[in-house]
$ cat my_file_27.csv   # CSV, C-alpha atoms and all ligand atoms
chain,number,residue,atom,x,y,z
H,1,MET,CA,0.0,0.0,0.0
H,2,SER,CA,1.4,3.4,-1.0
H,3,SER,CA,2.2,5.7,2.0
H,4,SER,CA,1.1,8.8,0.1
H,5,PRO,CA,-2.4,8.4,-1.4
H,6,VAL,CA,-3.2,10.2,-4.7
H,7,TYR,CA,-6.4,11.5,-3.3
H,8,ARG,CA,-6.2,13.6,-0.1
H,9,ARG,CA,-9.9,13.4,0.7
H,10,VAL,CA,-12.5,11.1,-0.7
H,11,LEU,CA,-16.2,10.4,-0.2
H,12,VAL,CA,-17.5,6.9,-0.5
H,13,LYS,CA,-21.2,6.2,-1.2
H,14,LEU,CA,-22.4,2.9,0.1
H,15,SER,CA,-25.9,1.8,-0.5
H,16,GLY,CA,-27.8,0.0,2.2
H,17,GLU,CA,-27.8,-3.1,0.0
H,18,ALA,CA,-24.0,-3.1,0.3
H,19,LEU,CA,-24.5,-4.2,3.9
H,20,MET,CA,-27.0,-7.0,3.2
H,21,GLY,CA,-24.8,-9.7,1.7
H,22,GLU,CA,-27.0,-12.7,0.9
H,23,LEU,CA,-29.7,-11.5,3.3
H,24,GLU,CA,-33.0,-10.2,2.0
H,25,TYR,CA,-33.2,-7.5,4.6
H,26,GLY,CA,-31.0,-5.9,7.2
H,27,ILE,CA,-27.3,-6.1,7.9
H,28,ALA,CA,-25.0,-9.1,7.5
H,29,SER,CA,-22.2,-8.8,10.1
H,30,PRO,CA,-19.4,-10.5,8.0
H,31,VAL,CA,-20.2,-8.1,5.1
H,32,ILE,CA,-20.1,-5.0,7.3
H,33,GLY,CA,-16.8,-6.2,8.8
H,34,ASP,CA,-15.4,-6.5,5.3
H,35,VAL,CA,-16.6,-3.0,4.3
H,36,ALA,CA,-15.1,-1.6,7.5
H,37,ALA,CA,-11.7,-3.2,6.7
H,38,GLU,CA,-11.7,-1.7,3.2
H,39,LEU,CA,-12.4,1.7,4.6
H,40,LYS,CA,-9.7,1.3,7.3
H,41,ALA,CA,-7.1,0.5,4.7
H,42,VAL,CA,-7.8,3.8,3.0
H,43,VAL,CA,-7.5,6.0,6.2
H,44,ASP,CA,-4.4,4.0,7.2
H,45,SER,CA,-2.8,5.0,3.8
H,46,GLY,CA,-3.2,8.6,4.9
H,47,SER,CA,-6.3,9.7,3.0
H,48,GLU,CA,-9.3,11.3,4.7
H,49,VAL,CA,-12.6,9.3,4.3
H,50,ALA,CA,-16.2,10.4,4.5
H,51,VAL,CA,-19.0,7.9,3.9
H,52,VAL,CA,-22.5,8.5,2.9
H,53,ILE,CA,-24.7,5.5,3.7
H,54,GLY,CA,-28.0,4.5,2.2
H,55,GLY,CA,-31.0,2.7,3.8
H,56,GLY,CA,-32.4,0.5,1.1
H,57,ASN,CA,-31.6,-2.7,3.1
H,58,ILE,CA,-34.2,-1.5,5.6
H,59,PHE,CA,-36.6,1.0,4.2
H,60,ARG,CA,-37.0,3.0,1.0
H,61,GLY,CA,-39.5,5.9,0.9
H,62,GLU,CA,-40.9,4.9,-2.5
H,63,GLY,CA,-41.6,1.4,-1.5
H,64,LEU,CA,-43.3,2.4,1.8
H,65,ALA,CA,-45.4,5.0,-0.1
H,66,ARG,CA,-46.5,2.3,-2.5
H,67,GLY,CA,-47.7,0.4,0.5
H,68,GLY,CA,-49.8,3.3,1.6
H,69,ILE,CA,-47.6,5.4,4.0
H,70,GLN,CA,-47.7,9.1,3.2
H,71,ARG,CA,-44.6,9.9,1.1
H,72,VAL,CA,-42.9,12.5,3.4
H,73,THR,CA,-43.3,10.2,6.4
H,74,ALA,CA,-42.1,7.3,4.3
H,75,ASP,CA,-39.0,9.2,3.3
H,76,GLN,CA,-38.4,10.2,6.9
H,77,MET,CA,-38.5,6.5,7.8
H,78,GLY,CA,-36.0,5.9,5.0
H,79,MET,CA,-33.7,8.5,6.4
H,80,LEU,CA,-33.9,7.0,9.8
H,81,ALA,CA,-32.9,3.7,8.3
H,82,THR,CA,-29.7,5.3,7.1
H,83,VAL,CA,-29.0,6.3,10.7
H,84,MET,CA,-29.3,2.7,11.8
H,85,ASN,CA,-26.9,1.6,9.1
H,86,ALA,CA,-24.5,4.4,10.0
H,87,LEU,CA,-24.4,3.2,13.7
H,88,ALA,CA,-23.8,-0.4,12.5
H,89,LEU,CA,-20.9,0.8,10.3
H,90,GLN,CA,-19.5,2.9,13.2
H,91,ASP,CA,-19.6,-0.2,15.4
H,92,ALA,CA,-17.8,-2.3,12.8
H,93,LEU,CA,-15.1,0.3,12.4
H,94,GLU,CA,-14.6,0.8,16.1
H,95,LYS,CA,-14.1,-3.0,16.5
H,96,ILE,CA,-11.0,-2.6,14.3
H,97,ASP,CA,-9.8,0.5,16.1
H,98,CYS,CA,-10.9,3.1,13.6
H,99,GLN,CA,-11.9,6.5,15.0
H,100,THR,CA,-15.3,7.5,13.5
H,101,ARG,CA,-18.1,10.0,13.9
H,102,VAL,CA,-21.6,9.6,12.7
H,103,MET,CA,-23.2,12.9,11.7
H,104,SER,CA,-26.9,13.1,10.8
H,105,ALA,CA,-28.7,15.6,8.6
H,106,ILE,CA,-31.7,15.3,10.8
H,107,ARG,CA,-31.3,16.2,14.4
H,108,ILE,CA,-31.1,13.0,16.5
H,109,ASN,CA,-28.2,14.2,18.7
H,110,GLN,CA,-28.5,11.8,21.6
H,111,VAL,CA,-27.5,9.1,19.1
H,112,CYS,CA,-25.0,10.9,16.9
H,113,GLU,CA,-23.8,14.3,16.1
H,114,ASP,CA,-25.7,16.8,13.9
H,115,TYR,CA,-24.1,17.4,10.5
H,116,ILE,CA,-22.2,20.6,10.6
H,117,ARG,CA,-19.9,21.0,7.6
H,118,ARG,CA,-17.0,22.7,9.4
H,119,ARG,CA,-17.2,20.1,12.2
H,120,ALA,CA,-17.2,17.3,9.6
H,121,VAL,CA,-14.1,18.7,7.9
H,122,ARG,CA,-12.4,19.0,11.3
H,123,HIS,CA,-13.1,15.4,12.1
H,124,LEU,CA,-11.7,14.4,8.7
H,125,GLU,CA,-8.5,16.4,9.3
H,126,LYS,CA,-8.0,14.5,12.5
H,127,GLY,CA,-8.1,11.2,10.6
H,128,ARG,CA,-11.6,10.1,11.7
H,129,ILE,CA,-13.9,8.4,9.3
H,130,VAL,CA,-17.0,10.6,9.1
H,131,ILE,CA,-20.2,8.6,8.4
H,132,LEU,CA,-22.9,10.9,7.0
H,133,ALA,CA,-26.4,9.7,7.8
H,134,ALA,CA,-30.0,10.8,7.0
H,135,GLY,CA,-29.2,11.8,3.4
H,136,THR,CA,-29.8,15.4,2.7
H,137,GLY,CA,-32.4,15.6,5.5
H,138,ASN,CA,-35.1,16.3,3.0
H,139,PRO,CA,-37.8,14.0,1.5
H,140,PHE,CA,-37.8,13.3,-2.2
H,141,PHE,CA,-34.1,12.9,-2.4
H,142,THR,CA,-31.8,9.9,-2.4
H,143,THR,CA,-28.6,9.2,-0.6
H,144,ASP,CA,-26.8,9.3,-4.0
H,145,SER,CA,-27.8,12.9,-4.2
H,146,ALA,CA,-26.7,13.4,-0.6
H,147,ALA,CA,-23.3,11.8,-1.5
H,148,ALA,CA,-22.8,14.2,-4.4
H,149,LEU,CA,-23.9,17.2,-2.3
H,150,ARG,CA,-21.6,16.3,0.6
H,151,ALA,CA,-18.7,15.4,-1.6
H,152,ILE,CA,-18.9,18.9,-3.1
H,153,GLU,CA,-19.5,20.6,0.3
H,154,ILE,CA,-16.5,19.0,2.1
H,155,ASP,CA,-14.3,19.5,-0.9
H,156,ALA,CA,-13.6,15.9,-1.6
H,157,GLU,CA,-11.2,15.2,-4.5
H,158,LEU,CA,-13.1,12.1,-5.6
H,159,MET,CA,-16.5,10.5,-5.0
H,160,LEU,CA,-16.6,6.7,-5.1
H,161,LYS,CA,-19.8,4.9,-5.8
H,162,ALA,CA,-19.6,1.3,-4.5
H,163,THR,CA,-21.6,-1.3,-6.5
H,164,LYS,CA,-21.5,-5.0,-6.9
H,165,VAL,CA,-20.0,-4.9,-10.4
H,166,ASP,CA,-16.7,-3.5,-11.5
H,167,GLY,CA,-17.9,-0.3,-13.1
H,168,ILE,CA,-20.5,0.9,-15.5
H,169,TYR,CA,-21.6,-1.5,-18.3
H,170,SER,CA,-23.0,-1.0,-21.7
H,171,ALA,CA,-26.0,-3.0,-20.6
H,172,ASP,CA,-27.0,-5.0,-17.5
H,173,PRO,CA,-24.2,-7.6,-17.2
H,174,MET,CA,-26.5,-9.9,-15.2
H,175,GLN,CA,-28.9,-10.0,-18.2
H,176,ASP,CA,-26.8,-9.4,-21.4
H,177,PRO,CA,-23.8,-11.6,-22.0
H,178,ASN,CA,-22.5,-9.1,-24.5
H,179,ALA,CA,-22.4,-6.3,-22.0
H,180,HIS,CA,-19.0,-4.8,-21.6
H,181,ARG,CA,-17.4,-2.5,-19.0
H,182,ILE,CA,-16.9,1.1,-20.1
H,183,PRO,CA,-13.7,2.5,-18.6
H,184,ARG,CA,-14.5,6.2,-19.0
H,185,LEU,CA,-17.6,8.3,-19.5
H,186,THR,CA,-18.6,11.9,-19.3
H,187,TYR,CA,-21.5,12.9,-17.0
H,188,ASP,CA,-23.6,13.8,-20.0
H,189,GLU,CA,-23.0,10.4,-21.5
H,190,VAL,CA,-24.3,8.8,-18.3
H,191,LEU,CA,-27.3,11.0,-18.4
H,192,ASP,CA,-28.0,10.7,-22.2
H,193,ARG,CA,-27.6,6.9,-22.2
H,194,ARG,CA,-29.6,6.6,-19.0
H,195,LEU,CA,-27.0,4.3,-17.6
H,196,GLY,CA,-28.7,4.3,-14.2
H,197,VAL,CA,-25.7,4.1,-12.0
H,198,MET,CA,-26.9,6.9,-9.8
H,199,ASP,CA,-30.0,9.1,-10.0
H,200,GLN,CA,-29.9,12.0,-12.4
H,201,THR,CA,-29.9,14.7,-9.7
H,202,ALA,CA,-26.6,13.2,-8.3
H,203,ILE,CA,-25.0,13.1,-11.7
H,204,VAL,CA,-26.0,16.6,-12.5
H,205,LEU,CA,-24.6,17.9,-9.2
H,206,CYS,CA,-21.3,16.1,-9.9
H,207,ARG,CA,-21.2,17.5,-13.4
H,208,ASP,CA,-22.0,21.1,-12.5
H,209,HIS,CA,-19.5,21.1,-9.7
H,210,ARG,CA,-16.8,19.0,-11.5
H,211,MET,CA,-16.8,16.3,-8.9
H,212,PRO,CA,-15.0,13.3,-10.4
H,213,LEU,CA,-16.8,10.0,-9.8
H,214,ARG,CA,-15.5,6.5,-9.8
H,215,VAL,CA,-17.8,3.5,-9.9
H,216,TYR,CA,-16.2,0.4,-8.5
H,217,ASP,CA,-16.8,-3.1,-7.2
H,218,MET,CA,-17.0,-3.1,-3.4
H,219,THR,CA,-16.8,-6.9,-3.3
H,220,GLN,CA,-13.3,-6.9,-4.8
H,221,PRO,CA,-10.8,-6.8,-2.0
H,222,GLY,CA,-8.4,-3.9,-2.2
H,223,ALA,CA,-10.3,-2.1,-5.0
H,224,LEU,CA,-11.1,1.0,-2.9
H,225,ALA,CA,-7.6,1.4,-1.5
H,226,GLY,CA,-6.2,0.7,-5.0
H,227,ILE,CA,-8.2,3.6,-6.5
H,228,VAL,CA,-7.2,6.0,-3.7
H,229,ALA,CA,-3.6,5.0,-4.2
H,230,GLY,CA,-3.9,6.0,-7.8
H,231,ASP,CA,-4.8,2.9,-9.8
H,232,GLU,CA,-6.5,4.3,-12.8
H,233,ASP,CA,-7.6,0.9,-14.2
H,234,ILE,CA,-10.1,0.1,-11.5
H,235,GLY,CA,-13.8,0.7,-12.2
H,236,THR,CA,-15.3,3.3,-14.4
H,237,HIS,CA,-14.3,7.0,-14.4
H,238,VAL,CA,-17.1,9.6,-14.8
H,239,LEU,CA,-15.5,13.0,-15.5
E,301,LIG,N1,-34.1,9.6,1.8
E,301,LIG,C1,-34.7,10.9,1.8
E,301,LIG,N2,-33.9,12.0,1.6
E,301,LIG,C2,-32.5,11.9,1.3
E,301,LIG,C3,-32.0,10.6,1.3
E,301,LIG,C4,-32.7,9.5,1.5
E,301,LIG,O1,-35.9,11.0,1.9
E,301,LIG,O2,-31.9,12.9,1.2
E,301,LIG,C5,-34.9,8.5,2.1
E,301,LIG,C6,-35.6,7.9,0.8
E,301,LIG,O3,-36.9,7.5,1.2
E,301,LIG,C7,-34.8,6.7,0.4
E,301,LIG,C8,-34.3,6.2,1.8
E,301,LIG,O4,-34.1,7.4,2.5
E,301,LIG,O5,-35.5,5.8,-0.2
E,301,LIG,C9,-33.1,5.4,1.7
E,301,LIG,O6,-32.1,6.0,0.9
E,301,LIG,P1,-31.6,5.4,-0.5
E,301,LIG,O7,-32.8,4.8,-1.2
E,301,LIG,O8,-30.9,6.4,-1.2
E,301,LIG,O9,-30.7,4.2,0.0
E,301,LIG,P2,-29.8,3.2,-0.9
E,301,LIG,O10,-30.5,2.9,-2.1
E,301,LIG,O11,-28.5,3.9,-1.1
E,301,LIG,O12,-29.6,2.1,0.1
$ encode --input "my_file_27.csv" --output "structure tokens" --more "lines below"
Ligand code: UDP
Amino acid sequence: MSSSPVYRRVLVKLSGEALMGELEYGIASPVIGDVAAELKAVVDSGSEVAVVIGGGNIFRGEGLARGGIQRVTADQMGMLATVMNALALQDALEKIDCQTRVMSAIRINQVCEDYIRRRAVRHLEKGRIVILAAGTGNPFFTTDSAAALRAIEIDAELMLKATKVDGIYSADPMQDPNAHRIPRLTYDEVLDRRLGVMDQTAIVLCRDHRMPLRVYDMTQPGALAGIVAGDEDIGTHVL
């Protein structure tokens, strides 16, 4: 592992599903342990790491609303689900001696800190992994958009979107045997081709604020640390 990472500060977007492993719901403890170890390798290399975590393994506002719950309430439940995931990730990181802070966009400060940008940056400077929970704090958004927003706000040099495939493909690789990985795309190509890697609001935010994005396979050991150390061949670049 390189002692001087190429990226000084990064933001990693983990979906709630990333914590589920083979389960149909909730959190798989071996999986969250692996995720924590991957994040630790990056801070140990000297880079500052913020994480935005989703909640789809527990609740998604859209799904709850389809089931009859009022949409704003449903989204609030989704945001609270991300707080639970953040606490689980904090626990997994602390078990491997990583200093972390959970900061929430909705006030729930007996459980974790409120998100305050300057304070988040200070934690990062001290080498703590900052886990950003509750998305943007507003209904009708996703944690992809929250990740883009926070990456821009905290002045990250790279946003990493963790997925279960090693980048963006020309078609769904699970369904189309001819699908191939595309190494490099522009934001507009992702939007025009509706490649669906993140929601459009998130891509537009990254585009308009020139936040480089890398889509990578979180199940590949060392991929995250490799990218932060400067390996250009991992995943798909969106620039
Ligand atoms: N959510 C929200 N505002 C936000 C971010 C998230 O209302 O800024 C809610 C929304 O209901 C969403 C849920 O939280 O469905 C979980 O987030 P997301 O679906 O982005 O999680 P992921 O797919 O990454 O696991």
$ residues_around --input "my_file_27.csv" --residues "Ser45 (chain H)" --least-positions-apart "6" --cutoff "12 Å" --atoms "only C-alpha atoms" --output "NGL selection string"
:H and (1-9 or 38-39 or 127 or 224-230)
$ axis_aligned_box --input "my_file_27.csv" --around "ligand LIG 301 (chain E)" --padding-each-side "6 Å" --output "AutoDock Vina command-line options"
--center_x -32.7 --center_y 7.5 --center_z 0.2 --size_x 20.4 --size_y 22.8 --size_z 16.6
$ closest_atom_pairs --input "my_file_27.csv" --of "chain H" --to "ligand LIG 301 (chain E)" --cutoff "10 Å" --atoms "only C-alpha atoms and all ligand atoms" --output "Markdown table"
| residue | atom | partner | partner_atom | distance |
| --- | --- | --- | --- | --- |
| H:Lys13 | CA | E:LIG301 | O11 | 7.7 |
| H:Leu14 | CA | E:LIG301 | O11 | 6.3 |
| H:Ser15 | CA | E:LIG301 | O11 | 3.4 |
| H:Gly16 | CA | E:LIG301 | O12 | 3.5 |
| H:Glu17 | CA | E:LIG301 | O12 | 5.5 |
| H:Ala18 | CA | E:LIG301 | O12 | 7.6 |
| H:Leu19 | CA | E:LIG301 | O12 | 9.0 |
| H:Met20 | CA | E:LIG301 | O12 | 10.0 |
| H:Val52 | CA | E:LIG301 | O11 | 8.6 |
| H:Ile53 | CA | E:LIG301 | O11 | 6.3 |
| H:Gly54 | CA | E:LIG301 | O11 | 3.4 |
| H:Gly55 | CA | E:LIG301 | O12 | 4.0 |
| H:Gly56 | CA | E:LIG301 | O12 | 3.4 |
| H:Asn57 | CA | E:LIG301 | O12 | 6.0 |
| H:Ile58 | CA | E:LIG301 | C9 | 8.0 |
| H:Phe59 | CA | E:LIG301 | C9 | 6.2 |
| H:Arg60 | CA | E:LIG301 | O5 | 3.4 |
| H:Gly61 | CA | E:LIG301 | O3 | 3.1 |
| H:Glu62 | CA | E:LIG301 | O5 | 5.9 |
| H:Gly63 | CA | E:LIG301 | O5 | 7.6 |
| H:Leu64 | CA | E:LIG301 | O3 | 8.2 |
| H:Ala65 | CA | E:LIG301 | O3 | 9.0 |
| H:Arg71 | CA | E:LIG301 | O3 | 8.1 |
| H:Val72 | CA | E:LIG301 | O1 | 7.3 |
| H:Thr73 | CA | E:LIG301 | O3 | 8.7 |
| H:Ala74 | CA | E:LIG301 | O3 | 6.1 |
| H:Asp75 | CA | E:LIG301 | O3 | 3.4 |
| H:Gln76 | CA | E:LIG301 | O1 | 5.6 |
| H:Met77 | CA | E:LIG301 | O3 | 6.9 |
| H:Gly78 | CA | E:LIG301 | O4 | 3.5 |
| H:Met79 | CA | E:LIG301 | O4 | 4.1 |
| H:Leu80 | CA | E:LIG301 | O4 | 7.3 |
| H:Ala81 | CA | E:LIG301 | C9 | 6.8 |
| H:Thr82 | CA | E:LIG301 | C9 | 6.4 |
| H:Val83 | CA | E:LIG301 | O4 | 9.7 |
| H:Asn85 | CA | E:LIG301 | O12 | 9.4 |
| H:Ala105 | CA | E:LIG301 | O2 | 8.5 |
| H:Ile106 | CA | E:LIG301 | O2 | 9.9 |
| H:Ala133 | CA | E:LIG301 | C3 | 8.6 |
| H:Ala134 | CA | E:LIG301 | C3 | 6.0 |
| H:Gly135 | CA | E:LIG301 | O2 | 3.7 |
| H:Thr136 | CA | E:LIG301 | O2 | 3.6 |
| H:Gly137 | CA | E:LIG301 | O2 | 5.1 |
| H:Asn138 | CA | E:LIG301 | N2 | 4.7 |
| H:Pro139 | CA | E:LIG301 | O1 | 3.6 |
| H:Phe140 | CA | E:LIG301 | O1 | 5.1 |
| H:Phe141 | CA | E:LIG301 | N2 | 4.1 |
| H:Thr142 | CA | E:LIG301 | C3 | 3.8 |
| H:Thr143 | CA | E:LIG301 | O8 | 3.7 |
| H:Asp144 | CA | E:LIG301 | O8 | 5.7 |
| H:Ser145 | CA | E:LIG301 | O2 | 6.8 |
| H:Ala146 | CA | E:LIG301 | O2 | 5.5 |
| H:Ala147 | CA | E:LIG301 | O2 | 9.1 |
| H:Leu149 | CA | E:LIG301 | O2 | 9.7 |
| H:Lys161 | CA | E:LIG301 | O11 | 9.9 |
| H:Ala162 | CA | E:LIG301 | O11 | 9.9 |
| H:Met198 | CA | E:LIG301 | O11 | 9.3 |
| H:Asp199 | CA | E:LIG301 | O8 | 9.2 |
$ atom_distance --input "my_file_27.csv" --atom1 "CA of Pro177 (chain H)" --atom2 "CA of Asp233 (chain H)"
21.9 Å
$ residues_around --input "my_file_27.csv" --residues "Met159 (chain H)" --least-positions-apart "4" --cutoff "9 Å" --atoms "all atoms listed in the file" --output "ChimeraX atom specification"
/H:10-13,147-148,151-152,206,211-215
$ residues_around --input "my_file_27.csv" --residues "region 89-99 of chain H" --least-positions-apart "5" --cutoff "8 Å" --atoms "all atoms listed in the file" --output "PDB file with C-alpha atoms, in the frame of the given file"
ATOM      1  CA  ILE H  32     -20.100  -5.000   7.300  1.00  0.00           C
ATOM      2  CA  GLY H  33     -16.800  -6.200   8.800  1.00  0.00           C
ATOM      3  CA  ALA H  36     -15.100  -1.600   7.500  1.00  0.00           C
ATOM      4  CA  ALA H  37     -11.700  -3.200   6.700  1.00  0.00           C
ATOM      5  CA  LYS H  40      -9.700   1.300   7.300  1.00  0.00           C
ATOM      6  CA  GLY H 127      -8.100  11.200  10.600  1.00  0.00           C
ATOM      7  CA  ARG H 128     -11.600  10.100  11.700  1.00  0.00           C
ATOM      8  CA  ILE H 129     -13.900   8.400   9.300  1.00  0.00           C
ATOM      9  CA  ILE H 131     -20.200   8.600   8.400  1.00  0.00           C
TER      10      ILE H 131
END
$ atom_distance --input "my_file_27.csv" --atom1 "CA of Ile203 (chain H)" --atom2 "CA of Val238 (chain H)"
9.2 Å
$ residues_near_point --input "my_file_27.csv" --point "(-26.9, 15.9, 12.7)" --cutoff "7 Å" --atoms "only C-alpha atoms" --output "list in words"
Met103, Ser104, Ala105, Ile106, Arg107, Ile108, Asn109, Cys112, Glu113, Asp114, Tyr115 and Ile116 of chain H
$ atom_distance --input "my_file_27.csv" --atom1 "CA of Lys164 (chain H)" --atom2 "CA of Ile234 (chain H)"
13.3 Å
$ residues_near_point --input "my_file_27.csv" --point "(-20.6, -0.7, -15.1)" --cutoff "12 Å" --atoms "only C-alpha atoms" --output "PyMOL selection string"
chain H and resi 161-174+179-185+190+195-198+214-217+234-238
$ build_atoms --input "my_file_27.csv" --residues "region 113-127 of chain H" --atoms "N, CA, C and O atoms" --output "PDB file, in the frame of the given file"
ATOM      1  N   GLU H 113     -23.909  12.890  16.185  1.00  0.00           N
ATOM      2  CA  GLU H 113     -23.800  14.300  16.100  1.00  0.00           C
ATOM      3  C   GLU H 113     -24.671  14.883  14.947  1.00  0.00           C
ATOM      4  O   GLU H 113     -25.026  14.157  14.020  1.00  0.00           O
ATOM      5  N   ASP H 114     -25.000  16.164  15.040  1.00  0.00           N
ATOM      6  CA  ASP H 114     -25.700  16.800  13.900  1.00  0.00           C
ATOM      7  C   ASP H 114     -24.628  17.079  12.831  1.00  0.00           C
ATOM      8  O   ASP H 114     -23.456  17.318  13.136  1.00  0.00           O
ATOM      9  N   TYR H 115     -25.085  17.041  11.589  1.00  0.00           N
ATOM     10  CA  TYR H 115     -24.100  17.400  10.500  1.00  0.00           C
ATOM     11  C   TYR H 115     -23.889  18.863  10.469  1.00  0.00           C
ATOM     12  O   TYR H 115     -24.817  19.645  10.273  1.00  0.00           O
ATOM     13  N   ILE H 116     -22.662  19.227  10.716  1.00  0.00           N
ATOM     14  CA  ILE H 116     -22.200  20.600  10.600  1.00  0.00           C
ATOM     15  C   ILE H 116     -20.974  20.570   9.723  1.00  0.00           C
ATOM     16  O   ILE H 116     -20.007  19.878  10.093  1.00  0.00           O
ATOM     17  N   ARG H 117     -21.013  21.217   8.587  1.00  0.00           N
ATOM     18  CA  ARG H 117     -19.900  21.000   7.600  1.00  0.00           C
ATOM     19  C   ARG H 117     -18.545  21.271   8.207  1.00  0.00           C
ATOM     20  O   ARG H 117     -17.647  20.447   8.048  1.00  0.00           O
ATOM     21  N   ARG H 118     -18.367  22.395   8.886  1.00  0.00           N
ATOM     22  CA  ARG H 118     -17.000  22.700   9.400  1.00  0.00           C
ATOM     23  C   ARG H 118     -16.570  21.636  10.409  1.00  0.00           C
ATOM     24  O   ARG H 118     -15.394  21.287  10.477  1.00  0.00           O
ATOM     25  N   ARG H 119     -17.524  21.144  11.187  1.00  0.00           N
ATOM     26  CA  ARG H 119     -17.200  20.100  12.200  1.00  0.00           C
ATOM     27  C   ARG H 119     -16.787  18.804  11.460  1.00  0.00           C
ATOM     28  O   ARG H 119     -15.853  18.105  11.854  1.00  0.00           O
ATOM     29  N   ALA H 120     -17.519  18.507  10.408  1.00  0.00           N
ATOM     30  CA  ALA H 120     -17.200  17.300   9.600  1.00  0.00           C
ATOM     31  C   ALA H 120     -15.791  17.381   9.066  1.00  0.00           C
ATOM     32  O   ALA H 120     -15.012  16.417   9.137  1.00  0.00           O
ATOM     33  N   VAL H 121     -15.464  18.544   8.544  1.00  0.00           N
ATOM     34  CA  VAL H 121     -14.100  18.700   7.900  1.00  0.00           C
ATOM     35  C   VAL H 121     -13.045  18.585   9.023  1.00  0.00           C
ATOM     36  O   VAL H 121     -12.004  17.962   8.821  1.00  0.00           O
ATOM     37  N   ARG H 122     -13.332  19.123  10.196  1.00  0.00           N
ATOM     38  CA  ARG H 122     -12.400  19.000  11.300  1.00  0.00           C
ATOM     39  C   ARG H 122     -12.133  17.553  11.691  1.00  0.00           C
ATOM     40  O   ARG H 122     -11.005  17.137  11.915  1.00  0.00           O
ATOM     41  N   HIS H 123     -13.224  16.796  11.760  1.00  0.00           N
ATOM     42  CA  HIS H 123     -13.100  15.400  12.100  1.00  0.00           C
ATOM     43  C   HIS H 123     -12.207  14.679  11.011  1.00  0.00           C
ATOM     44  O   HIS H 123     -11.350  13.858  11.333  1.00  0.00           O
ATOM     45  N   LEU H 124     -12.463  15.012   9.768  1.00  0.00           N
ATOM     46  CA  LEU H 124     -11.700  14.400   8.700  1.00  0.00           C
ATOM     47  C   LEU H 124     -10.201  14.730   8.840  1.00  0.00           C
ATOM     48  O   LEU H 124      -9.336  13.858   8.707  1.00  0.00           O
ATOM     49  N   GLU H 125      -9.932  15.995   9.144  1.00  0.00           N
ATOM     50  CA  GLU H 125      -8.500  16.400   9.300  1.00  0.00           C
ATOM     51  C   GLU H 125      -7.835  15.672  10.422  1.00  0.00           C
ATOM     52  O   GLU H 125      -6.627  15.473  10.398  1.00  0.00           O
ATOM     53  N   LYS H 126      -8.627  15.260  11.411  1.00  0.00           N
ATOM     54  CA  LYS H 126      -8.000  14.500  12.500  1.00  0.00           C
ATOM     55  C   LYS H 126      -7.941  13.019  12.224  1.00  0.00           C
ATOM     56  O   LYS H 126      -7.615  12.216  13.098  1.00  0.00           O
ATOM     57  N   GLY H 127      -8.306  12.628  11.005  1.00  0.00           N
ATOM     58  CA  GLY H 127      -8.100  11.200  10.600  1.00  0.00           C
ATOM     59  C   GLY H 127      -9.318  10.337  10.976  1.00  0.00           C
ATOM     60  O   GLY H 127      -9.213   9.108  10.920  1.00  0.00           O
TER      61      GLY H 127
END
